[in-house]
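Structure file upload.cif; described as mmCIF, C-alpha atoms.
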```cif
data_model
loop_
_atom_site.label_atom_id
_atom_site.label_comp_id
_atom_site.auth_asym_id
_atom_site.auth_seq_id
_atom_site.Cartn_x
_atom_site.Cartn_y
_atom_site.Cartn_z
CA MET A 1 159.57 86.69 109.25
CA ASN A 2 161.05 88.00 105.97
CA VAL A 3 158.03 86.91 104.13
CA LEU A 4 155.92 88.77 106.64
CA MET A 5 157.97 91.99 106.36
CA LEU A 6 157.88 91.79 102.61
CA SER A 7 154.18 91.45 102.74
CA VAL A 8 153.89 94.47 104.97
CA LEU A 9 156.18 96.54 102.75
CA LEU A 10 154.17 95.61 99.74
CA MET A 11 151.10 96.81 101.55
CA GLY A 12 152.83 100.15 101.76
CA VAL A 13 152.81 100.40 105.44
CA GLY A 14 156.28 99.37 106.33
CA TYR A 15 157.47 100.72 109.57
CA ALA A 16 155.69 103.96 109.47
CA ASN A 17 152.76 104.57 111.80
CA TRP A 18 149.35 104.09 110.48
CA GLU A 19 147.52 107.32 109.93
CA GLY A 20 144.28 108.46 108.41
CA GLY A 21 142.70 111.78 107.40
CA PHE A 22 139.66 113.36 105.96
CA GLU A 23 138.56 116.77 104.64
CA VAL A 24 135.55 118.83 105.41
CA SER A 25 134.53 121.09 102.54
CA ALA A 26 132.15 123.85 103.51
CA THR A 27 130.38 125.73 100.72
CA VAL A 28 128.32 128.58 102.11
CA ASN A 29 125.80 130.25 99.86
CA ALA A 30 124.63 133.61 101.17
CA GLY A 31 120.93 134.28 101.15
CA VAL A 32 119.01 137.15 99.65
CA MET A 33 117.07 139.92 101.35
CA ALA A 34 114.48 141.20 98.96
CA ILE A 35 110.92 142.44 98.89
CA ASP A 36 108.55 143.09 96.07
CA VAL A 37 106.07 145.96 96.46
CA ASP A 38 103.08 146.14 94.16
CA LYS A 39 100.45 148.80 94.02
CA GLY A 40 96.86 147.92 94.72
CA LEU A 41 93.75 150.02 94.43
CA ILE A 42 93.33 153.72 95.13
CA GLY A 43 90.15 155.65 95.77
CA ALA A 44 89.28 159.20 96.65
CA SER A 45 86.27 161.17 97.79
CA ARG A 46 83.82 162.43 95.19
CA TYR A 47 85.07 165.32 93.06
CA MET A 48 88.69 164.39 93.73
CA SER A 49 90.97 162.36 91.47
CA ALA A 50 93.80 160.06 92.48
CA GLU A 51 96.30 157.92 90.64
CA MET A 52 98.89 155.47 91.89
CA THR A 53 102.03 154.41 90.03
CA ASP A 54 104.64 151.84 90.86
CA TYR A 55 107.98 151.65 89.15
CA SER A 56 109.46 148.59 87.51
CA ASP A 57 112.99 149.47 88.58
CA SER A 58 112.26 149.97 92.27
CA ASN A 59 109.81 149.19 95.01
CA ASP A 60 108.77 152.80 95.38
CA ILE A 61 105.22 153.94 94.74
CA SER A 62 104.05 157.38 93.68
CA ILE A 63 100.60 158.81 94.30
CA ASP A 64 99.07 161.91 92.74
CA VAL A 65 95.92 163.39 94.21
CA ASN A 66 94.08 166.36 92.79
CA ASP A 67 91.45 168.67 94.18
CA ILE A 68 91.42 167.50 97.76
CA TYR A 69 89.24 169.48 100.13
CA PRO A 70 88.66 169.54 103.89
CA GLY A 71 87.26 166.18 104.88
CA GLY A 72 88.43 164.64 101.60
CA THR A 73 89.82 161.13 101.92
CA ILE A 74 92.20 158.97 99.90
CA THR A 75 92.46 155.24 100.49
CA TYR A 76 94.89 152.95 98.78
CA ASP A 77 96.61 149.67 99.34
CA PHE A 78 99.79 147.95 98.30
CA THR A 79 101.25 144.49 98.78
CA VAL A 80 104.64 143.67 100.23
CA LYS A 81 105.88 140.22 99.26
CA ASN A 82 108.86 138.58 100.85
CA MET A 83 111.16 137.48 98.05
CA SER A 84 114.02 136.77 100.46
CA THR A 85 115.51 133.50 101.48
CA MET A 86 114.69 134.35 105.10
CA GLY A 87 111.80 135.65 107.09
CA ILE A 88 111.41 139.42 107.29
CA GLU A 89 109.62 141.89 109.55
CA LEU A 90 108.61 145.52 109.45
CA VAL A 91 110.98 147.49 111.68
CA ASP A 92 110.25 151.10 110.82
CA LEU A 93 107.41 153.07 109.37
CA TYR A 94 107.13 156.81 109.31
CA VAL A 95 105.52 159.64 107.44
CA SER A 96 107.57 162.71 106.58
CA LEU A 97 107.05 165.93 104.72
CA ASP A 98 108.86 166.78 101.53
CA SER A 99 111.26 169.64 102.25
CA GLU A 100 109.60 171.98 99.76
CA SER A 101 106.09 171.56 101.12
CA ASP A 102 104.21 173.71 103.59
CA SER A 103 104.44 172.25 107.06
CA GLY A 104 101.35 174.20 108.08
CA MET A 105 99.17 172.32 105.61
CA TYR A 106 100.85 169.05 106.56
CA ASP A 107 99.54 169.43 110.11
CA TYR A 108 96.01 168.94 108.82
CA PHE A 109 96.67 165.54 107.28
CA GLU A 110 95.93 162.35 109.14
CA VAL A 111 97.51 159.17 107.84
CA GLY A 112 96.36 155.78 109.07
CA PHE A 113 97.46 152.23 108.35
CA SER A 114 95.69 148.91 108.59
CA LEU A 115 95.92 145.29 107.49
CA VAL A 116 92.23 145.35 106.65
CA GLU A 117 90.05 148.03 105.14
CA GLY A 118 88.94 150.33 107.94
CA ASP A 119 90.20 150.39 111.52
CA TYR A 120 93.10 152.62 110.54
CA LYS A 121 95.83 153.24 113.08
CA SER A 122 98.66 155.73 113.39
CA SER A 123 102.05 154.68 112.06
CA ASP A 124 103.39 154.20 115.58
CA ILE A 125 100.60 151.86 116.67
CA PHE A 126 100.64 150.00 113.37
CA LEU A 127 104.40 149.56 113.57
CA ALA A 128 104.22 148.31 117.16
CA GLU A 129 101.67 145.70 116.16
CA LEU A 130 103.74 144.42 113.25
CA THR A 131 107.17 144.46 114.83
CA ASN A 132 108.26 140.88 115.55
CA VAL A 133 105.62 139.53 113.21
CA GLU A 134 107.34 137.42 110.61
CA ILE A 135 106.53 137.47 106.95
CA GLY A 136 107.64 134.03 105.81
CA LEU A 137 109.16 133.02 102.54
CA LEU A 138 107.08 134.18 99.59
CA GLU A 139 104.35 135.38 101.93
CA SER A 140 102.56 138.65 101.22
CA VAL A 141 101.09 141.36 103.38
CA LYS A 142 98.59 143.85 102.06
CA ILE A 143 98.73 147.24 103.75
CA TYR A 144 95.85 149.69 103.56
CA VAL A 145 96.48 153.40 103.95
CA GLU A 146 93.98 156.15 104.55
CA VAL A 147 94.85 159.83 104.16
CA VAL A 148 92.33 162.37 105.41
CA PHE A 149 92.65 166.11 104.96
CA ASP A 150 91.40 168.15 107.89
CA PRO A 151 89.40 165.35 109.55
CA ASN A 152 88.40 167.57 112.45
CA ASP A 153 87.17 170.49 110.33
CA GLU A 154 89.74 172.91 111.69
CA ILE A 155 90.80 174.75 108.56
CA GLU A 156 89.79 178.35 108.21
CA THR A 157 87.66 179.33 105.24
CA ASN A 158 89.45 178.73 101.93
CA GLU A 159 92.78 178.19 103.66
CA TYR A 160 95.26 176.17 101.55
CA GLU A 161 93.16 176.39 98.40
CA ARG A 162 95.13 175.30 95.32
CA GLN A 163 98.16 174.49 97.41
CA ASP A 164 100.40 171.49 96.75
CA ILE A 165 101.96 169.23 99.32
CA THR A 166 104.16 166.15 99.03
CA PHE A 167 104.69 163.71 101.82
CA ILE A 168 106.58 160.47 101.98
CA ILE A 169 105.76 157.22 103.72
CA SER A 170 108.86 155.14 104.36
CA ALA A 171 108.76 151.48 105.34
CA LEU A 172 111.81 149.51 106.38
CA TYR A 173 111.92 145.74 106.49
CA GLU A 174 114.67 143.68 108.03
CA GLN A 175 115.45 140.03 108.27
CA TYR A 176 113.49 138.31 110.94
CA ASP A 177 115.84 137.06 113.64
CA ASN A 178 113.59 135.61 116.28
CA MET B 1 140.20 119.08 119.04
CA LYS B 2 141.27 120.29 115.66
CA LYS B 3 138.04 119.11 114.18
CA SER B 4 136.05 120.95 116.78
CA LYS B 5 137.87 124.20 116.06
CA PHE B 6 137.19 123.85 112.40
CA VAL B 7 133.52 123.27 112.94
CA ILE B 8 133.20 126.40 115.07
CA GLY B 9 135.06 128.35 112.44
CA VAL B 10 132.62 127.31 109.77
CA LEU B 11 129.66 128.12 112.02
CA VAL B 12 130.89 131.63 112.71
CA LEU B 13 131.49 132.19 109.02
CA ALA B 14 128.04 130.91 108.17
CA ILE B 15 126.35 133.15 110.75
CA MET B 16 128.27 136.15 109.49
CA LEU B 17 127.26 135.37 105.92
CA MET B 18 123.67 135.03 107.02
CA GLY B 19 123.89 138.55 108.27
CA ALA B 20 122.69 137.80 111.76
CA GLY B 21 124.36 139.10 114.82
CA TYR B 22 126.28 142.24 114.03
CA ALA B 23 124.14 143.74 111.32
CA ALA B 24 120.86 143.01 109.65
CA TRP B 25 120.01 143.07 106.05
CA SER B 26 117.17 145.35 105.19
CA GLU B 27 115.06 146.66 102.37
CA GLN B 28 113.26 149.99 102.29
CA PHE B 29 110.62 151.44 100.05
CA THR B 30 108.76 154.72 99.98
CA VAL B 31 105.32 155.85 99.01
CA THR B 32 105.45 159.43 97.81
CA ALA B 33 102.10 161.20 97.74
CA THR B 34 101.70 164.55 96.06
CA VAL B 35 98.41 166.16 96.94
CA ASN B 36 96.96 169.18 95.22
CA ALA B 37 94.27 171.02 97.12
CA GLY B 38 91.15 171.99 95.25
CA GLU B 39 89.29 175.28 95.13
CA PHE B 40 85.96 176.44 96.47
CA ASP B 41 84.55 179.06 94.16
CA TYR B 42 81.15 180.07 92.88
CA THR B 43 79.69 182.98 90.99
CA LEU B 44 76.43 184.74 91.65
CA ALA B 45 74.96 186.31 88.52
CA LYS B 46 71.95 188.34 87.55
CA GLU B 47 70.16 186.67 84.66
CA ASN B 48 66.81 188.17 83.71
CA MET B 49 64.04 190.28 85.05
CA THR B 50 60.67 189.79 83.38
CA PRO B 51 59.40 192.19 82.34
CA ALA B 52 62.68 193.99 81.96
CA THR B 53 60.92 197.32 82.15
CA HIS B 54 57.41 198.29 83.04
CA LEU B 55 55.31 201.25 82.18
CA TYR B 56 54.02 201.76 85.70
CA MET B 57 55.68 199.36 88.11
CA THR B 58 59.21 200.07 89.24
CA PRO B 59 61.06 196.79 89.68
CA THR B 60 64.70 196.85 90.72
CA PHE B 61 67.13 194.00 90.65
CA ASP B 62 70.74 194.02 91.69
CA VAL B 63 73.32 191.29 92.17
CA ASP B 64 76.59 191.78 93.98
CA ASN B 65 79.16 189.08 93.20
CA THR B 66 81.90 190.56 95.35
CA ALA B 67 83.91 187.78 96.92
CA ASP B 68 83.00 188.44 100.51
CA SER B 69 79.56 189.93 100.15
CA LYS B 70 77.53 188.13 97.54
CA SER B 71 73.95 189.30 97.64
CA VAL B 72 70.75 189.70 95.65
CA THR B 73 68.56 192.71 96.17
CA ILE B 74 65.01 192.71 94.83
CA GLY B 75 62.61 195.61 94.87
CA LEU B 76 59.22 196.33 93.39
CA GLY B 77 57.15 199.49 93.56
CA ASN B 78 53.65 200.28 92.28
CA LEU B 79 52.53 196.69 91.95
CA TYR B 80 48.87 196.44 90.93
CA PRO B 81 46.35 193.65 90.13
CA ASP B 82 47.10 190.99 87.53
CA GLN B 83 50.78 191.83 87.35
CA ASP B 84 53.88 189.98 88.27
CA VAL B 85 57.60 190.35 88.02
CA VAL B 86 60.03 187.43 87.83
CA TYR B 87 63.58 187.87 88.95
CA GLN B 88 66.04 185.24 87.77
CA PHE B 89 69.52 184.86 89.15
CA SER B 90 71.99 181.99 89.06
CA ILE B 91 74.72 180.37 91.06
CA THR B 92 77.54 178.73 89.09
CA ASN B 93 80.03 176.40 90.65
CA ASN B 94 83.52 177.30 89.38
CA GLY B 95 85.38 175.23 91.95
CA THR B 96 86.66 171.69 92.03
CA MET B 97 84.20 170.25 94.52
CA GLY B 98 80.46 170.06 94.95
CA ILE B 99 78.74 172.92 96.74
CA ILE B 100 75.47 172.96 98.62
CA PRO B 101 73.48 175.91 99.96
CA THR B 102 71.95 176.77 103.26
CA ILE B 103 69.26 179.44 103.45
CA SER B 104 69.02 181.50 106.58
CA ASP B 105 67.85 184.85 107.90
CA TYR B 106 64.74 184.73 105.77
CA SER B 107 62.57 187.79 106.07
CA LEU B 108 59.43 188.55 104.11
CA LEU B 109 57.50 191.62 105.10
CA MET B 110 54.14 192.06 103.39
CA ILE B 111 51.95 194.80 104.70
CA LYS B 112 48.87 196.62 103.50
CA GLY B 113 48.88 200.28 102.90
CA ASN B 114 47.28 200.65 106.34
CA GLY B 115 50.10 198.70 107.96
CA ALA B 116 48.18 195.45 108.52
CA PRO B 117 50.28 192.35 107.83
CA LEU B 118 49.62 190.10 104.87
CA ASN B 119 50.25 186.40 104.56
CA GLU B 120 52.38 185.38 101.59
CA GLU B 121 49.84 182.67 100.86
CA ASN B 122 46.82 184.96 100.97
CA GLY B 123 46.21 184.28 97.29
CA THR B 124 46.25 187.89 96.26
CA LEU B 125 49.72 189.17 96.86
CA SER B 126 52.37 186.46 96.77
CA VAL B 127 56.08 185.81 96.63
CA MET B 128 56.91 182.46 95.10
CA TYR B 129 60.03 180.67 93.98
CA SER B 130 61.11 178.20 91.31
CA LEU B 131 64.27 176.38 90.34
CA THR B 132 63.28 176.02 86.69
CA GLY B 133 61.00 178.91 85.87
CA ALA B 134 58.50 176.51 84.34
CA SER B 135 54.82 177.26 84.69
CA GLY B 136 53.43 175.38 87.66
CA SER B 137 56.84 174.97 89.25
CA TYR B 138 56.56 177.95 91.58
CA MET B 139 56.35 177.23 95.27
CA TYR B 140 56.24 179.10 98.53
CA TYR B 141 59.29 179.61 100.69
CA GLY B 142 59.12 176.42 102.74
CA PRO B 143 59.18 173.95 99.83
CA PHE B 144 61.61 176.20 97.98
CA LYS B 145 64.06 176.14 100.86
CA ALA B 146 63.83 172.36 101.09
CA ALA B 147 64.32 171.94 97.34
CA LEU B 148 67.24 174.32 97.02
CA GLU B 149 69.04 172.99 100.07
CA ASN B 150 68.85 169.52 98.56
CA ASN B 151 70.61 170.55 95.37
CA VAL B 152 74.32 169.97 95.25
CA ILE B 153 75.90 171.81 92.34
CA GLY B 154 78.54 169.56 90.83
CA ILE B 155 81.61 170.32 88.75
CA THR B 156 80.69 168.62 85.49
CA GLY B 157 77.63 168.82 83.29
CA ASP B 158 75.16 171.40 84.51
CA THR B 159 77.05 173.49 87.03
CA THR B 160 74.59 176.36 87.25
CA GLN B 161 71.62 176.57 89.58
CA ASP B 162 68.94 178.98 88.49
CA VAL B 163 66.59 180.61 90.99
CA TYR B 164 63.42 182.43 90.05
CA VAL B 165 61.55 184.76 92.39
CA LYS B 166 58.10 185.89 91.34
CA ILE B 167 56.24 188.68 93.04
CA ALA B 168 52.66 188.74 91.87
CA MET B 169 49.25 190.16 92.52
CA THR B 170 46.20 188.35 91.24
CA ASP B 171 43.42 190.02 89.30
CA THR B 172 41.41 191.41 92.18
CA GLU B 173 38.97 194.22 92.70
CA ASP B 174 39.84 194.30 96.33
CA GLN B 175 41.56 197.58 96.93
CA THR B 176 42.77 196.43 100.31
CA PHE B 177 46.08 195.78 98.69
CA GLU B 178 46.61 199.24 97.37
CA GLN B 179 50.01 200.55 98.31
CA SER B 180 51.00 197.22 99.77
CA THR B 181 54.65 196.73 100.47
CA VAL B 182 56.75 193.65 99.90
CA ALA B 183 60.19 193.46 101.44
CA LEU B 184 62.12 190.27 100.90
CA SER B 185 65.51 189.16 102.03
CA PHE B 186 67.25 185.91 102.79
CA LYS B 187 70.81 184.75 102.99
CA VAL B 188 72.17 181.87 100.94
CA SER B 189 75.46 180.36 102.07
CA TYR B 190 77.23 177.74 100.02
CA GLN B 191 79.66 175.26 101.42
CA GLN B 192 81.63 172.34 100.03
CA SER B 193 79.90 169.00 99.69
CA ASP B 194 80.97 165.51 98.77
CA LEU B 195 77.39 164.46 97.99
CA PRO B 196 76.41 163.61 94.42
CA ALA B 197 75.44 166.47 92.16
CA ALA B 198 71.73 167.03 91.77
CA ASP B 199 69.71 167.38 88.60
CA LEU B 200 69.40 171.13 88.72
CA ASP B 201 66.51 171.24 86.29
CA GLN B 202 64.07 169.60 88.67
#
```

Exercise: express the given structure as C-alpha cells:
Amino acid sequence: MNVLMLSVLLMGVGYANWEGGFEVSATVNAGVMAIDVDKGLIGASRYMSAEMTDYSDSNDISIDVNDIYPGGTITYDFTVKNMSTMGIELVDLYVSLDSESDSGMYDYFEVGFSLVEGDYKSSDIFLAELTNVEIGLLESVKIYVEVVFDPNDEIETNEYERQDITFIISALYEQYDN
Amino acid sequence: MKKSKFVIGVLVLAIMLMGAGYAAWSEQFTVTATVNAGEFDYTLAKENMTPATHLYMTPTFDVDNTADSKSVTIGLGNLYPDQDVVYQFSITNNGTMGIIPTISDYSLLMIKGNGAPLNEENGTLSVMYSLTGASGSYMYYGPFKAALENNVIGITGDTTQDVYVKIAMTDTEDQTFEQSTVALSFKVSYQQSDLPAADLDQ
C-alpha cells in the first residue's frame, strides 16, 4: 500500500482530484471595405470637347465639358473594382446639382446609366437593378454614363449660351450581406 | 456550459468586427461634371459688288447684320444687254458649334416692261448663284438651294461661306426685255448642327 501511495505521490496526483483544462485563443482580423475607381473613356458630340480626370488620392472623378449645345451628348465610363475582403453592392446612386449652378439649366440635362454602351437608364432604375447584386472579391464593374443636354429640343433660342453648370453623381457601395 | 458561452462570445465579437448587423461599412465616390455651354453666333457681311459702280446701271447692295434681323437686299436698275452684276456676301461662323442653313420664302419676280412674266431660265435675263464665284460655277436657284443647305460651316479652318448672286442679261437684240424688272428675296436661317463641316469652296 505504501509503495502504491508513494508511486501516486511521485506521479503528482496524490489525493487531489484529477482535473484538466484547455484554452481557446481567438484572433480576429477585421476585414477591409475598399473600392478602386478608375476612369475609362469619354466622348462628346462633334464641336464639343470633354476631358476626364481621376485623382490618385481618392476615388473621385472630375469631368470638364466645353461648348455643349442643345442635343449635345457626353458619354463616358469608369470601372469600380472591389478591393475589399468581402462582397459589395451598390446601394445608392443619385445626381445632384452643385449649389452655385443654375437649376433652370439643370432641368434640361438627362443623365443615364448602363452596364453596356447604350440602353441607358435613369439612376433610379439603374440602382434598382444593381441593388442586391454582389460584386465579388477583386471583381470589377464598368459603368457607362450618358449625359444629354436638352434631348427633347425644349430650350428657347440661344437660352443658356455660355453658361456653366456643375453637377455631381454620387455612388455609394456597401458590404454585401445577403 | 462555460465552453458554450465562450464560443458565443467569440461569435458575437467576430460578427461585430465584420461590421454586419448593426452597421455596414461603405465606400462612396463622386463624379463631378462641369459643363460649359457653347455659343451660337454668326456674322453676315457684305463683301463685294462687281462692278462696284456703273456708268448707267444702278445696282444697290445692302447687308444688315443686326442680331435679330439679318438680311441681304439686292437691287438693280437700268440693266441692259451684255451686262451683269455680281453681289458677294458671306456668312461667318463665330460660334462654338457647326451651323447649317435653311432657305425659305424664296421669291423671284421677273417681269417685262409690259408686265408679262419672265422665266429665270429664259436665257436672256437670269439670276444665278454660286458658292465660289468661279466661272462656270453659277447655278439656278434649285441646285443652289440644295448645295447651300448641304454646307455645314464648321468652327475650325474655313469658317466663312461665300455666296455670289449674279443678275445678268445676255447680248440680245430683243427689246422685249427693255425695262424688265427683277425682284429677288429669300430668307436664310442658320441653326446649330453636329454634322461634319463641309468644304466651303466646292

Output as a tab-separated table one row per residue of segment 84-136 of chain B within 7 Å of segment 179-186 of chain B: the closest atom pair and its distance in Å to one decimal place, counting all atoms listed in the file, sorted by chain and residue number ascending.
```
residue	atom	partner	partner_atom	distance
B:Ile103	CA	B:Phe186	CA	6.8
B:Ser104	CA	B:Phe186	CA	6.1
B:Asp105	CA	B:Phe186	CA	5.3
B:Tyr106	CA	B:Phe186	CA	4.1
B:Ser107	CA	B:Ser185	CA	5.2
B:Leu108	CA	B:Leu184	CA	4.5
B:Leu109	CA	B:Ala183	CA	4.9
B:Met110	CA	B:Val182	CA	4.6
B:Ile111	CA	B:Thr181	CA	5.4
B:Lys112	CA	B:Ser180	CA	4.3
B:Gly113	CA	B:Gln179	CA	4.7
```

task: Can you give me, as a PyMOL selection string, the residues this file yields under the PyMOL selection byres ((chain A) within 6 of (chain B))?
output: chain A and resi 30+46-47+59-69+161-175

task: Write out as a list in words the residues lying within 12 Å of Met139 of chain B, counting all atoms listed in the file and excluding same-chain residues fewer than 5 positions away.
output: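 Selected residues are Glu120, Glu121, Ser126, Val127, Met128, Tyr129, Ser130, Leu131, Thr132, Gly133, Ala134, Phe144, Lys145, Ala146, Ala147, Leu148, Val163, Tyr164, Val165, Lys166 and Ile167 of chain B.
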
- prompt: Mind telling me what the PyMOL selection byres ((chain A and resi 36) around 10) catches here, as a list in words?
  reply: Ala34, Ile35, Val37, Asp38, Ser58, Asn59, Asp60, Thr79, Val80, Lys81, Asn82, Met83, Ser84, Leu138 and Ser140 of chain A; Glu27 and Phe29 of chain B

Can those selected residues be exported to a file as a JSON list (two decimals), in the coordinates of the input so that it contains C-alpha atoms?
```json
[["chain", "number", "residue", "atom", "x", "y", "z"],
["A", 34, "ALA", "CA", 114.48, 141.20, 98.96],
["A", 35, "ILE", "CA", 110.92, 142.44, 98.89],
["A", 37, "VAL", "CA", 106.07, 145.96, 96.46],
["A", 38, "ASP", "CA", 103.08, 146.14, 94.16],
["A", 58, "SER", "CA", 112.26, 149.97, 92.27],
["A", 59, "ASN", "CA", 109.81, 149.19, 95.01],
["A", 60, "ASP", "CA", 108.77, 152.80, 95.38],
["A", 79, "THR", "CA", 101.25, 144.49, 98.78],
["A", 80, "VAL", "CA", 104.64, 143.67, 100.23],
["A", 81, "LYS", "CA", 105.88, 140.22, 99.26],
["A", 82, "ASN", "CA", 108.86, 138.58, 100.85],
["A", 83, "MET", "CA", 111.16, 137.48, 98.05],
["A", 84, "SER", "CA", 114.02, 136.77, 100.46],
["A", 138, "LEU", "CA", 107.08, 134.18, 99.59],
["A", 140, "SER", "CA", 102.56, 138.65, 101.22],
["B", 27, "GLU", "CA", 115.06, 146.66, 102.37],
["B", 29, "PHE", "CA", 110.62, 151.44, 100.05]]
```

message: Translate the PyMOL selection byres ((chain A and resi 113) around 7) into a concrete residue list for this structure, as an MDAnalysis selection string.
response: chainID A and resid 111:112 114 120:123 126 143:146

field: atom CA of Thr73 of chain B to atom CA of Pro143 of chain B, straight-line distance in Å
entry: 21.3 Å

For atom CA of Glu178 of chain B and atom CA of Gln88 of chain B, the interatomic separation in Å (one decimal): 25.8 Å

task: Identify which of the residues B:Thr124, B:Thr172, B:Thr92, B:Asn114 lies closest to Val152 of chain B, counting all atoms listed in the file when measuring atom-to-atom distances.
output: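 Residue with the minimum atom-to-atom distance to Val152 of chain B: B:Thr92.
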
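Separating atom CA of Ile74 of chain B from atom CA of Thr60 of chain B is a distance of 5.8 Å.
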
Please determine an axis-aligned box that encloses all atoms of segment 55-59 of chain A listed in the file, with 4 Å added on each side, and express its centre and edge lengths in Å to one decimal as AutoDock Vina command-line options.
```
--center_x 110.5 --center_y 150.1 --center_z 91.3 --size_x 13.0 --size_y 11.1 --size_z 15.5
```

task: Give as number ranges by chain every residue, naming chains and numbers as the document does, that has an atom within 8 Å of (114.6, 137.7, 112.2), counting all atoms listed in the file.
output: A: 86-89, 132, 134, 174-178

message: Calculated over all atoms listed in the file, which of the candidates B:Asn48, B:Ser71, B:Thr170, B:Asn65 has the smallest distance to Tyr87 of chain B?
response: B:Asn48
